[in-house]
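Colleague: Structure file coords.cif (mmCIF, N, CA and C atoms) is given on the next line.
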```
data_coords
#
loop_
_atom_site.label_atom_id
_atom_site.label_comp_id
_atom_site.auth_asym_id
_atom_site.auth_seq_id
_atom_site.Cartn_x
_atom_site.Cartn_y
_atom_site.Cartn_z
N MET A 2 78.26 68.89 64.53
CA MET A 2 78.58 68.88 63.11
C MET A 2 78.02 67.60 62.49
N ASP A 3 77.30 67.73 61.39
CA ASP A 3 76.76 66.54 60.76
C ASP A 3 77.76 65.97 59.74
N VAL A 4 77.44 64.80 59.23
CA VAL A 4 78.32 64.07 58.32
C VAL A 4 78.64 64.89 57.07
N GLU A 5 77.64 65.50 56.48
CA GLU A 5 77.85 66.28 55.25
C GLU A 5 78.82 67.43 55.49
N GLN A 6 78.72 68.07 56.65
CA GLN A 6 79.62 69.18 56.98
C GLN A 6 81.06 68.68 57.15
N LEU A 7 81.22 67.53 57.78
CA LEU A 7 82.56 66.97 57.98
C LEU A 7 83.19 66.58 56.64
N VAL A 8 82.40 65.96 55.77
CA VAL A 8 82.90 65.61 54.44
C VAL A 8 83.24 66.88 53.66
N ALA A 9 82.44 67.92 53.81
CA ALA A 9 82.72 69.19 53.13
C ALA A 9 84.05 69.77 53.59
N LYS A 10 84.38 69.62 54.87
CA LYS A 10 85.67 70.10 55.39
C LYS A 10 86.82 69.32 54.74
N ALA A 11 86.64 68.01 54.57
CA ALA A 11 87.68 67.20 53.92
C ALA A 11 87.84 67.62 52.46
N LYS A 12 86.70 67.85 51.81
CA LYS A 12 86.72 68.28 50.40
C LYS A 12 87.39 69.64 50.25
N GLU A 13 87.10 70.54 51.16
CA GLU A 13 87.70 71.88 51.13
C GLU A 13 89.21 71.80 51.37
N ALA A 14 89.62 70.98 52.31
CA ALA A 14 91.05 70.83 52.61
C ALA A 14 91.82 70.31 51.41
N LYS A 15 91.18 69.45 50.64
CA LYS A 15 91.81 68.84 49.47
C LYS A 15 92.44 69.87 48.54
N GLN A 16 91.90 71.07 48.53
CA GLN A 16 92.42 72.14 47.66
C GLN A 16 93.87 72.51 48.01
N ASN A 17 94.30 72.19 49.23
CA ASN A 17 95.65 72.54 49.67
C ASN A 17 96.65 71.39 49.53
N ALA A 18 96.23 70.29 48.94
CA ALA A 18 97.14 69.15 48.79
C ALA A 18 98.37 69.53 47.96
N TYR A 19 99.50 68.94 48.34
CA TYR A 19 100.74 69.13 47.58
C TYR A 19 101.00 67.80 46.88
N CYS A 20 100.59 67.73 45.61
CA CYS A 20 100.67 66.45 44.88
C CYS A 20 101.20 66.66 43.46
N PRO A 21 102.42 67.21 43.31
CA PRO A 21 102.96 67.48 41.98
C PRO A 21 103.34 66.24 41.18
N TYR A 22 103.40 65.09 41.83
CA TYR A 22 103.83 63.87 41.15
C TYR A 22 102.64 62.99 40.76
N SER A 23 101.72 62.77 41.68
CA SER A 23 100.56 61.92 41.37
C SER A 23 99.41 62.72 40.78
N HIS A 24 99.35 64.02 41.07
CA HIS A 24 98.21 64.86 40.66
C HIS A 24 96.91 64.28 41.20
N PHE A 25 96.98 63.72 42.41
CA PHE A 25 95.83 63.07 43.05
C PHE A 25 95.63 63.68 44.44
N PRO A 26 94.91 64.81 44.51
CA PRO A 26 94.71 65.46 45.81
C PRO A 26 93.73 64.70 46.69
N VAL A 27 94.08 64.64 47.98
CA VAL A 27 93.21 64.00 48.96
C VAL A 27 93.13 64.91 50.18
N GLY A 28 91.94 65.01 50.74
CA GLY A 28 91.72 65.77 51.97
C GLY A 28 91.08 64.88 53.01
N ALA A 29 91.39 65.16 54.25
CA ALA A 29 90.78 64.42 55.37
C ALA A 29 90.39 65.41 56.44
N ALA A 30 89.36 65.07 57.19
CA ALA A 30 88.91 65.90 58.30
C ALA A 30 88.62 64.99 59.49
N VAL A 31 89.19 65.32 60.63
CA VAL A 31 88.98 64.56 61.86
C VAL A 31 88.19 65.43 62.82
N LEU A 32 87.06 64.90 63.27
CA LEU A 32 86.22 65.59 64.25
C LEU A 32 86.56 65.07 65.63
N TYR A 33 86.86 66.00 66.54
CA TYR A 33 87.18 65.65 67.92
C TYR A 33 86.00 65.97 68.83
N LYS A 34 85.97 65.33 69.98
CA LYS A 34 84.86 65.51 70.93
C LYS A 34 84.71 66.97 71.36
N SER A 35 85.77 67.74 71.30
CA SER A 35 85.70 69.16 71.66
C SER A 35 84.91 69.96 70.64
N GLY A 36 84.65 69.36 69.47
CA GLY A 36 83.97 70.06 68.39
C GLY A 36 84.96 70.58 67.34
N GLU A 37 86.24 70.55 67.67
CA GLU A 37 87.25 71.01 66.71
C GLU A 37 87.40 70.00 65.58
N VAL A 38 87.59 70.53 64.39
CA VAL A 38 87.87 69.70 63.22
C VAL A 38 89.28 70.05 62.76
N ILE A 39 90.11 69.03 62.64
CA ILE A 39 91.47 69.22 62.14
C ILE A 39 91.53 68.54 60.78
N THR A 40 91.99 69.30 59.79
CA THR A 40 92.08 68.76 58.44
C THR A 40 93.52 68.43 58.09
N GLY A 41 93.64 67.61 57.05
CA GLY A 41 94.96 67.25 56.55
C GLY A 41 94.87 67.00 55.06
N VAL A 42 96.01 67.07 54.40
CA VAL A 42 96.10 66.79 52.97
C VAL A 42 97.30 65.89 52.71
N ASN A 43 97.31 65.29 51.53
CA ASN A 43 98.50 64.54 51.17
C ASN A 43 99.61 65.51 50.79
N VAL A 44 100.81 65.19 51.24
CA VAL A 44 101.99 66.01 50.97
C VAL A 44 103.03 65.07 50.36
N GLU A 45 103.24 65.22 49.05
CA GLU A 45 104.12 64.31 48.34
C GLU A 45 105.58 64.77 48.38
N ASN A 46 106.44 63.82 48.06
CA ASN A 46 107.87 64.07 47.96
C ASN A 46 108.37 63.26 46.79
N VAL A 47 109.37 63.76 46.08
CA VAL A 47 109.91 63.04 44.94
C VAL A 47 110.39 61.64 45.36
N SER A 48 110.81 61.52 46.61
CA SER A 48 111.12 60.22 47.20
C SER A 48 109.81 59.74 47.83
N PHE A 49 109.06 58.93 47.08
CA PHE A 49 107.68 58.62 47.48
C PHE A 49 107.53 58.09 48.90
N GLY A 50 108.55 57.44 49.43
CA GLY A 50 108.47 56.94 50.81
C GLY A 50 108.34 58.05 51.83
N ALA A 51 108.73 59.26 51.45
CA ALA A 51 108.64 60.41 52.35
C ALA A 51 107.29 61.13 52.24
N THR A 52 106.42 60.64 51.38
CA THR A 52 105.09 61.22 51.20
C THR A 52 104.23 60.93 52.43
N ASN A 53 103.36 61.87 52.78
CA ASN A 53 102.44 61.66 53.88
C ASN A 53 101.00 61.83 53.37
N CYS A 54 100.15 60.90 53.74
CA CYS A 54 98.75 60.93 53.31
C CYS A 54 97.93 61.91 54.14
N ALA A 55 96.78 62.28 53.61
CA ALA A 55 95.90 63.25 54.27
C ALA A 55 95.43 62.77 55.64
N GLU A 56 95.06 61.51 55.74
CA GLU A 56 94.54 60.98 57.00
C GLU A 56 95.60 61.07 58.10
N ARG A 57 96.83 60.68 57.78
CA ARG A 57 97.90 60.74 58.76
C ARG A 57 98.25 62.18 59.10
N THR A 58 98.26 63.06 58.10
CA THR A 58 98.55 64.47 58.36
C THR A 58 97.56 65.03 59.38
N ALA A 59 96.27 64.76 59.20
CA ALA A 59 95.25 65.27 60.12
C ALA A 59 95.38 64.66 61.51
N LEU A 60 95.56 63.35 61.57
CA LEU A 60 95.67 62.69 62.88
C LEU A 60 96.94 63.11 63.62
N PHE A 61 98.05 63.26 62.91
CA PHE A 61 99.30 63.67 63.56
C PHE A 61 99.17 65.11 64.07
N ALA A 62 98.47 65.96 63.33
CA ALA A 62 98.25 67.33 63.79
C ALA A 62 97.40 67.33 65.06
N GLY A 63 96.44 66.42 65.14
CA GLY A 63 95.62 66.29 66.34
C GLY A 63 96.45 65.87 67.55
N ILE A 64 97.35 64.93 67.34
CA ILE A 64 98.25 64.49 68.41
C ILE A 64 99.11 65.67 68.87
N ALA A 65 99.62 66.44 67.91
CA ALA A 65 100.47 67.59 68.24
C ALA A 65 99.70 68.64 69.05
N LYS A 66 98.38 68.68 68.89
CA LYS A 66 97.55 69.63 69.64
C LYS A 66 97.10 69.06 71.00
N GLY A 67 97.49 67.81 71.28
CA GLY A 67 97.16 67.23 72.58
C GLY A 67 95.99 66.29 72.60
N TYR A 68 95.42 65.98 71.45
CA TYR A 68 94.30 65.05 71.41
C TYR A 68 94.79 63.61 71.53
N HIS A 69 93.90 62.75 72.02
CA HIS A 69 94.21 61.33 72.21
C HIS A 69 93.17 60.48 71.50
N LYS A 70 93.44 59.20 71.46
CA LYS A 70 92.58 58.21 70.80
C LYS A 70 91.11 58.37 71.19
N GLU A 71 90.86 58.54 72.46
CA GLU A 71 89.47 58.63 72.94
C GLU A 71 88.79 59.95 72.56
N ASP A 72 89.54 60.90 72.03
CA ASP A 72 88.97 62.19 71.64
C ASP A 72 88.40 62.21 70.22
N VAL A 73 88.78 61.23 69.40
CA VAL A 73 88.36 61.21 67.99
C VAL A 73 86.91 60.75 67.90
N MET A 74 86.09 61.55 67.22
CA MET A 74 84.68 61.18 67.03
C MET A 74 84.42 60.60 65.65
N ALA A 75 85.09 61.10 64.60
CA ALA A 75 84.84 60.64 63.23
C ALA A 75 85.94 61.15 62.31
N ILE A 76 86.06 60.47 61.17
CA ILE A 76 87.03 60.87 60.13
C ILE A 76 86.32 60.84 58.78
N ALA A 77 86.56 61.87 57.97
CA ALA A 77 86.03 61.93 56.61
C ALA A 77 87.19 62.05 55.64
N ILE A 78 87.04 61.40 54.48
CA ILE A 78 88.09 61.39 53.46
C ILE A 78 87.48 61.77 52.12
N SER A 79 88.20 62.64 51.39
CA SER A 79 87.70 63.11 50.09
C SER A 79 88.83 63.12 49.07
N GLY A 80 88.52 62.58 47.90
CA GLY A 80 89.45 62.63 46.77
C GLY A 80 88.67 62.92 45.51
N ASP A 81 89.37 63.08 44.42
CA ASP A 81 88.69 63.31 43.14
C ASP A 81 88.43 61.97 42.47
N THR A 82 87.47 61.24 43.00
CA THR A 82 87.22 59.87 42.53
C THR A 82 85.74 59.65 42.23
N GLU A 83 85.50 58.76 41.30
CA GLU A 83 84.13 58.38 40.97
C GLU A 83 83.62 57.29 41.90
N ASP A 84 84.52 56.64 42.61
CA ASP A 84 84.15 55.61 43.58
C ASP A 84 84.58 56.09 44.96
N PHE A 85 84.16 55.39 45.99
CA PHE A 85 84.54 55.76 47.35
C PHE A 85 86.05 55.58 47.51
N LEU A 86 86.70 56.56 48.12
CA LEU A 86 88.15 56.55 48.29
C LEU A 86 88.50 56.06 49.69
N PRO A 87 89.01 54.82 49.80
CA PRO A 87 89.40 54.32 51.12
C PRO A 87 90.83 54.75 51.45
N PRO A 88 91.18 54.78 52.73
CA PRO A 88 92.55 55.09 53.10
C PRO A 88 93.50 53.95 52.73
N CYS A 89 94.76 54.28 52.50
CA CYS A 89 95.76 53.26 52.20
C CYS A 89 95.98 52.39 53.44
N SER A 90 96.69 51.32 53.28
CA SER A 90 96.90 50.39 54.40
C SER A 90 97.74 51.01 55.52
N ILE A 91 98.71 51.85 55.18
CA ILE A 91 99.49 52.52 56.23
C ILE A 91 98.57 53.42 57.05
N CYS A 92 97.72 54.19 56.38
CA CYS A 92 96.78 55.06 57.10
C CYS A 92 95.81 54.25 57.95
N ARG A 93 95.38 53.13 57.44
CA ARG A 93 94.47 52.29 58.21
C ARG A 93 95.12 51.85 59.52
N GLN A 94 96.39 51.45 59.44
CA GLN A 94 97.08 51.01 60.65
C GLN A 94 97.27 52.18 61.62
N VAL A 95 97.59 53.37 61.11
CA VAL A 95 97.71 54.55 61.97
C VAL A 95 96.36 54.88 62.60
N MET A 96 95.29 54.76 61.84
CA MET A 96 93.96 55.01 62.38
C MET A 96 93.64 54.03 63.51
N VAL A 97 94.04 52.77 63.36
CA VAL A 97 93.83 51.78 64.42
C VAL A 97 94.59 52.19 65.68
N GLU A 98 95.77 52.76 65.50
CA GLU A 98 96.58 53.19 66.64
C GLU A 98 96.00 54.43 67.32
N LEU A 99 95.45 55.37 66.54
CA LEU A 99 95.08 56.68 67.06
C LEU A 99 93.58 56.93 67.18
N CYS A 100 92.76 55.93 66.85
CA CYS A 100 91.30 56.06 66.93
C CYS A 100 90.72 54.82 67.60
N ASP A 101 89.53 54.99 68.17
CA ASP A 101 88.80 53.85 68.71
C ASP A 101 88.36 52.95 67.56
N TYR A 102 88.29 51.67 67.80
CA TYR A 102 87.92 50.71 66.77
C TYR A 102 86.51 50.94 66.22
N GLU A 103 85.65 51.60 66.97
CA GLU A 103 84.28 51.87 66.54
C GLU A 103 84.12 53.27 65.92
N THR A 104 85.20 53.98 65.69
CA THR A 104 85.15 55.32 65.10
C THR A 104 84.48 55.28 63.73
N PRO A 105 83.52 56.15 63.47
CA PRO A 105 82.93 56.23 62.13
C PRO A 105 83.94 56.80 61.13
N VAL A 106 83.99 56.18 59.97
CA VAL A 106 84.83 56.65 58.87
C VAL A 106 83.90 56.91 57.69
N TYR A 107 84.00 58.12 57.13
CA TYR A 107 83.13 58.51 56.02
C TYR A 107 83.96 58.63 54.75
N LEU A 108 83.62 57.82 53.76
CA LEU A 108 84.27 57.86 52.45
C LEU A 108 83.32 58.55 51.49
N SER A 109 83.86 59.37 50.59
CA SER A 109 82.99 60.11 49.68
C SER A 109 83.37 59.89 48.23
N LYS A 110 82.41 60.24 47.37
CA LYS A 110 82.60 60.21 45.91
C LYS A 110 82.45 61.63 45.38
N ASN A 111 82.90 61.85 44.15
CA ASN A 111 82.73 63.16 43.51
C ASN A 111 81.27 63.59 43.43
N ASN A 112 80.36 62.63 43.27
CA ASN A 112 78.95 62.98 43.11
C ASN A 112 78.25 63.33 44.42
N GLY A 113 79.01 63.32 45.52
CA GLY A 113 78.44 63.70 46.81
C GLY A 113 77.97 62.54 47.68
N GLU A 114 77.95 61.33 47.12
CA GLU A 114 77.56 60.17 47.92
C GLU A 114 78.57 59.95 49.04
N ILE A 115 78.06 59.47 50.18
CA ILE A 115 78.90 59.21 51.34
C ILE A 115 78.63 57.79 51.83
N MET A 116 79.71 57.06 52.09
CA MET A 116 79.60 55.73 52.69
C MET A 116 80.10 55.83 54.13
N GLU A 117 79.31 55.32 55.06
CA GLU A 117 79.71 55.31 56.47
C GLU A 117 80.06 53.88 56.86
N LEU A 118 81.20 53.73 57.49
CA LEU A 118 81.56 52.45 58.08
C LEU A 118 82.39 52.73 59.32
N THR A 119 82.61 51.73 60.13
CA THR A 119 83.45 51.90 61.30
C THR A 119 84.88 51.53 60.94
N LEU A 120 85.80 51.97 61.76
CA LEU A 120 87.20 51.58 61.55
C LEU A 120 87.33 50.07 61.59
N LYS A 121 86.58 49.43 62.47
CA LYS A 121 86.60 47.97 62.57
C LYS A 121 86.17 47.32 61.26
N ALA A 122 85.17 47.86 60.60
CA ALA A 122 84.72 47.32 59.31
C ALA A 122 85.76 47.58 58.22
N LEU A 123 86.47 48.68 58.33
CA LEU A 123 87.50 49.03 57.36
C LEU A 123 88.75 48.18 57.53
N VAL A 124 89.05 47.81 58.77
CA VAL A 124 90.25 47.03 59.08
C VAL A 124 89.84 45.88 60.02
N PRO A 125 89.17 44.87 59.51
CA PRO A 125 88.61 43.84 60.39
C PRO A 125 89.64 42.99 61.13
N TYR A 126 90.82 42.85 60.59
CA TYR A 126 91.84 42.02 61.24
C TYR A 126 93.08 42.86 61.56
N ALA A 127 92.85 44.02 62.13
CA ALA A 127 93.93 44.96 62.41
C ALA A 127 94.90 44.42 63.44
N PHE A 128 96.14 44.83 63.27
CA PHE A 128 97.17 44.57 64.27
C PHE A 128 97.01 45.63 65.34
N THR A 129 96.67 45.24 66.57
CA THR A 129 96.41 46.20 67.64
C THR A 129 97.37 45.98 68.79
N ASP A 130 97.32 46.90 69.74
CA ASP A 130 98.18 46.75 70.92
C ASP A 130 97.86 45.48 71.71
N MET A 131 96.68 44.94 71.50
CA MET A 131 96.32 43.68 72.17
C MET A 131 97.03 42.49 71.52
N ASP A 132 97.61 42.71 70.34
CA ASP A 132 98.30 41.62 69.64
C ASP A 132 99.77 41.51 70.04
N ILE A 133 100.23 42.44 70.86
CA ILE A 133 101.66 42.44 71.24
C ILE A 133 101.88 41.49 72.39
#
```
Let me see the structure of the file written as structure tokens.
Modeller:
Amino acid sequence: MDVEQLVAKAKEAKQNAYCPYSHFPVGAAVLYKSGEVITGVNVENVSFGATNCAERTALFAGIAKGYHKEDVMAIAISGDTEDFLPPCSICRQVMVELCDYETPVYLSKNNGEIMELTLKALVPYAFTDMDI
């Protein structure tokens, strides 16, 4: 699967977001070494602390299916934005926990542009299991 196809999966998933409060749909797609792509969307709650972001939804679904950190090949994120949409800080920390530090992360814009960076570039001073 190429980058454009992975971003398209994130964009397609975004249509299923449950965002009645922010009206800000986000989709994510995680590519695993098996070739499977697991998507996720943001799922809001009136108690905002109970809201779950698209990136975490996709990664948690992967864990539930038996995937591990070493199985993640790439992550794509899509929102309705004119600029690249980065994951929130909570999602970044979860990504550090559930993905390799060199995992490619693809951020997209409405106009179709894609930015590629590694998780390490996205979270250069992450709190990792080596910090415990």
Colleague: From region 17-126 of chain A, collect each residue whose DSSP state is alpha helix (DSSP H) and return the set as a PDB file with N, CA and C atoms, in the frame of the given file.
Modeller:
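What follows is the written file selection30.pdb:
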```pdb
ATOM      1  N   ALA A  55      96.780  62.280  53.610  1.00  0.00           N
ATOM      2  CA  ALA A  55      95.900  63.250  54.270  1.00  0.00           C
ATOM      3  C   ALA A  55      95.430  62.770  55.640  1.00  0.00           C
ATOM      4  N   GLU A  56      95.060  61.510  55.740  1.00  0.00           N
ATOM      5  CA  GLU A  56      94.540  60.980  57.000  1.00  0.00           C
ATOM      6  C   GLU A  56      95.600  61.070  58.100  1.00  0.00           C
ATOM      7  N   ARG A  57      96.830  60.680  57.780  1.00  0.00           N
ATOM      8  CA  ARG A  57      97.900  60.740  58.760  1.00  0.00           C
ATOM      9  C   ARG A  57      98.250  62.180  59.100  1.00  0.00           C
ATOM     10  N   THR A  58      98.260  63.060  58.100  1.00  0.00           N
ATOM     11  CA  THR A  58      98.550  64.470  58.360  1.00  0.00           C
ATOM     12  C   THR A  58      97.560  65.030  59.380  1.00  0.00           C
ATOM     13  N   ALA A  59      96.270  64.760  59.200  1.00  0.00           N
ATOM     14  CA  ALA A  59      95.250  65.270  60.120  1.00  0.00           C
ATOM     15  C   ALA A  59      95.380  64.660  61.510  1.00  0.00           C
ATOM     16  N   LEU A  60      95.560  63.350  61.570  1.00  0.00           N
ATOM     17  CA  LEU A  60      95.670  62.690  62.880  1.00  0.00           C
ATOM     18  C   LEU A  60      96.940  63.110  63.620  1.00  0.00           C
ATOM     19  N   PHE A  61      98.050  63.260  62.910  1.00  0.00           N
ATOM     20  CA  PHE A  61      99.300  63.670  63.560  1.00  0.00           C
ATOM     21  C   PHE A  61      99.170  65.110  64.070  1.00  0.00           C
ATOM     22  N   ALA A  62      98.470  65.960  63.330  1.00  0.00           N
ATOM     23  CA  ALA A  62      98.250  67.330  63.790  1.00  0.00           C
ATOM     24  C   ALA A  62      97.400  67.330  65.060  1.00  0.00           C
ATOM     25  N   GLY A  63      96.440  66.420  65.140  1.00  0.00           N
ATOM     26  CA  GLY A  63      95.620  66.290  66.340  1.00  0.00           C
ATOM     27  C   GLY A  63      96.450  65.870  67.550  1.00  0.00           C
ATOM     28  N   ILE A  64      97.350  64.930  67.340  1.00  0.00           N
ATOM     29  CA  ILE A  64      98.250  64.490  68.410  1.00  0.00           C
ATOM     30  C   ILE A  64      99.110  65.670  68.870  1.00  0.00           C
ATOM     31  N   ALA A  65      99.620  66.440  67.910  1.00  0.00           N
ATOM     32  CA  ALA A  65     100.470  67.590  68.240  1.00  0.00           C
ATOM     33  C   ALA A  65      99.700  68.640  69.050  1.00  0.00           C
ATOM     34  N   SER A  90      96.690  51.320  53.280  1.00  0.00           N
ATOM     35  CA  SER A  90      96.900  50.390  54.400  1.00  0.00           C
ATOM     36  C   SER A  90      97.740  51.010  55.520  1.00  0.00           C
ATOM     37  N   ILE A  91      98.710  51.850  55.180  1.00  0.00           N
ATOM     38  CA  ILE A  91      99.490  52.520  56.230  1.00  0.00           C
ATOM     39  C   ILE A  91      98.570  53.420  57.050  1.00  0.00           C
ATOM     40  N   CYS A  92      97.720  54.190  56.380  1.00  0.00           N
ATOM     41  CA  CYS A  92      96.780  55.060  57.100  1.00  0.00           C
ATOM     42  C   CYS A  92      95.810  54.250  57.950  1.00  0.00           C
ATOM     43  N   ARG A  93      95.380  53.130  57.440  1.00  0.00           N
ATOM     44  CA  ARG A  93      94.470  52.290  58.210  1.00  0.00           C
ATOM     45  C   ARG A  93      95.120  51.850  59.520  1.00  0.00           C
ATOM     46  N   GLN A  94      96.390  51.450  59.440  1.00  0.00           N
ATOM     47  CA  GLN A  94      97.080  51.010  60.650  1.00  0.00           C
ATOM     48  C   GLN A  94      97.270  52.180  61.620  1.00  0.00           C
ATOM     49  N   VAL A  95      97.590  53.370  61.110  1.00  0.00           N
ATOM     50  CA  VAL A  95      97.710  54.550  61.970  1.00  0.00           C
ATOM     51  C   VAL A  95      96.360  54.880  62.600  1.00  0.00           C
ATOM     52  N   MET A  96      95.290  54.760  61.840  1.00  0.00           N
ATOM     53  CA  MET A  96      93.960  55.010  62.380  1.00  0.00           C
ATOM     54  C   MET A  96      93.640  54.030  63.510  1.00  0.00           C
ATOM     55  N   VAL A  97      94.040  52.770  63.360  1.00  0.00           N
ATOM     56  CA  VAL A  97      93.830  51.780  64.420  1.00  0.00           C
ATOM     57  C   VAL A  97      94.590  52.190  65.680  1.00  0.00           C
ATOM     58  N   GLU A  98      95.770  52.760  65.500  1.00  0.00           N
ATOM     59  CA  GLU A  98      96.580  53.190  66.640  1.00  0.00           C
ATOM     60  C   GLU A  98      96.000  54.430  67.320  1.00  0.00           C
ATOM     61  N   LEU A  99      95.450  55.370  66.540  1.00  0.00           N
ATOM     62  CA  LEU A  99      95.080  56.680  67.060  1.00  0.00           C
ATOM     63  C   LEU A  99      93.580  56.930  67.180  1.00  0.00           C
ATOM     64  N   LEU A 120      85.800  51.970  61.760  1.00  0.00           N
ATOM     65  CA  LEU A 120      87.200  51.580  61.550  1.00  0.00           C
ATOM     66  C   LEU A 120      87.330  50.070  61.590  1.00  0.00           C
ATOM     67  N   LYS A 121      86.580  49.430  62.470  1.00  0.00           N
ATOM     68  CA  LYS A 121      86.600  47.970  62.570  1.00  0.00           C
ATOM     69  C   LYS A 121      86.170  47.320  61.260  1.00  0.00           C
ATOM     70  N   ALA A 122      85.170  47.860  60.600  1.00  0.00           N
ATOM     71  CA  ALA A 122      84.720  47.320  59.310  1.00  0.00           C
ATOM     72  C   ALA A 122      85.760  47.580  58.220  1.00  0.00           C
ATOM     73  N   LEU A 123      86.470  48.680  58.330  1.00  0.00           N
ATOM     74  CA  LEU A 123      87.500  49.030  57.360  1.00  0.00           C
ATOM     75  C   LEU A 123      88.750  48.180  57.530  1.00  0.00           C
TER      76      LEU A 123
END
```
Colleague: If I take CA of Tyr107 (chain A) and atom N of His69 (chain A), how far is one from the other in Å, to one decimal?
Modeller: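 Interatomic distance here is 19.7 Å.
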Colleague: Which protein, DNA or RNA residues have an atom at most 12 Å from (83.1, 45.8, 60.6), counting only C-alpha atoms? List them as an MDAnalysis selection string.
Modeller: chainID A and resid 102:106 117:127
Colleague: I want to know what sits within 7 Å of Val44 (chain A), based on all atoms listed in the file, with residues of the same chain fewer than 2 positions away left out; could you give that as a list in words?
Modeller: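 So the residues in contact are Ala18, Tyr19, Cys20, Val42, Asn46, Ala51, Thr52, Asn53, Cys54 and Ala55 of chain A.
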Colleague: Considering all atoms listed in the file, can you say which of A:Gly28, A:Val38, A:Gly50, A:Glu13 comes closest to Asp81 (chain A)?
Modeller: A:Gly28
Colleague: Tell me which of A:Ile39, A:Val27, A:Met96, A:Ala62 sits closest to Ile78 (chain A), counting only C-alpha atoms.
Modeller: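 Using only C-alpha atoms, Ile78 (chain A) sits closest to A:Val27.
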Colleague: How far is it from CA of Gly63 (chain A) to CA of Met116 (chain A), in Å with one decimal?
Modeller: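 Atom-to-atom, CA of Gly63 (chain A) to CA of Met116 (chain A), that is 23.5 Å.
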Colleague: When the PyMOL selection byres ((chain A and resi 29) around 8) is applied to the file above, which residues end up in the set, as an NGL selection string?
Modeller: :A and (7-8 or 10-15 or 26-28 or 30-32 or 38-43 or 54-60 or 76-80)
Colleague: Out of chain A, which residues get strand (DSSP E or B) from DSSP, as a PyMOL selection string?
Modeller: chain A and resi 19+27-33+38-42+44+53+73-80+105-109+115-119
Colleague: Could you tell me how far CA of Val47 (chain A) lies from atom C of Asn17 (chain A), in Å and to one decimal?
Modeller: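 A separation of 16.3 Å between them.
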Colleague: Could you check the closest approach to Val97 (chain A) for each of A:Glu5, A:Glu71, A:Glu37, A:Glu45 and tell me which residue wins, using only C-alpha atoms?
Modeller: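 Selected residue with least distance to Val97 (chain A): A:Glu71.
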Colleague: Using only C-alpha atoms, can you tell me which of A:Lys34, A:Lys110, A:Phe49, A:Leu99 comes closest to Pro21 (chain A)?
Modeller: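 Nearest to Pro21 (chain A): A:Phe49.
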Colleague: Excluding same-chain residues fewer than 5 positions from Glu83 (chain A), what lies within 9 Å of it counting only C-alpha atoms, as a ChimeraX atom specification?
Modeller: /A:109-112
Colleague: Copy region 10-39 of chain A out of the block into a file, keeping C-alpha atoms, as an mmCIF file, in the first residue's frame.
Modeller:
```
data_model
loop_
_atom_site.group_PDB
_atom_site.id
_atom_site.type_symbol
_atom_site.label_atom_id
_atom_site.label_comp_id
_atom_site.auth_asym_id
_atom_site.auth_seq_id
_atom_site.Cartn_x
_atom_site.Cartn_y
_atom_site.Cartn_z
ATOM 1 C CA LYS A 10 -8.171 5.270 4.097
ATOM 2 C CA ALA A 11 -7.814 7.843 6.897
ATOM 3 C CA LYS A 12 -9.836 10.361 4.897
ATOM 4 C CA GLU A 13 -12.545 7.779 4.203
ATOM 5 C CA ALA A 14 -12.728 6.754 7.866
ATOM 6 C CA LYS A 15 -13.220 10.395 8.853
ATOM 7 C CA GLN A 16 -16.774 10.158 7.495
ATOM 8 C CA ASN A 17 -17.673 7.945 10.480
ATOM 9 C CA ALA A 18 -16.418 10.315 13.183
ATOM 10 C CA TYR A 19 -18.776 11.018 16.073
ATOM 11 C CA CYS A 20 -18.155 14.709 16.747
ATOM 12 C CA PRO A 21 -21.449 16.427 17.686
ATOM 13 C CA TYR A 22 -19.696 18.931 19.966
ATOM 14 C CA SER A 23 -16.573 20.055 18.094
ATOM 15 C CA HIS A 24 -17.863 19.347 14.564
ATOM 16 C CA PHE A 25 -14.231 18.469 13.788
ATOM 17 C CA PRO A 26 -14.038 14.985 12.238
ATOM 18 C CA VAL A 27 -10.698 13.198 12.227
ATOM 19 C CA GLY A 28 -9.749 9.869 10.689
ATOM 20 C CA ALA A 29 -6.648 7.765 11.154
ATOM 21 C CA ALA A 30 -5.338 4.675 9.405
ATOM 22 C CA VAL A 31 -2.670 2.340 10.769
ATOM 23 C CA LEU A 32 -0.864 0.032 8.354
ATOM 24 C CA TYR A 33 0.419 -3.213 9.862
ATOM 25 C CA LYS A 34 3.140 -5.486 8.494
ATOM 26 C CA SER A 35 0.472 -8.074 7.659
ATOM 27 C CA GLY A 36 -0.925 -5.596 5.122
ATOM 28 C CA GLU A 37 -4.050 -4.972 7.188
ATOM 29 C CA VAL A 38 -5.136 -1.378 7.669
ATOM 30 C CA ILE A 39 -7.105 -0.544 10.792
#
```
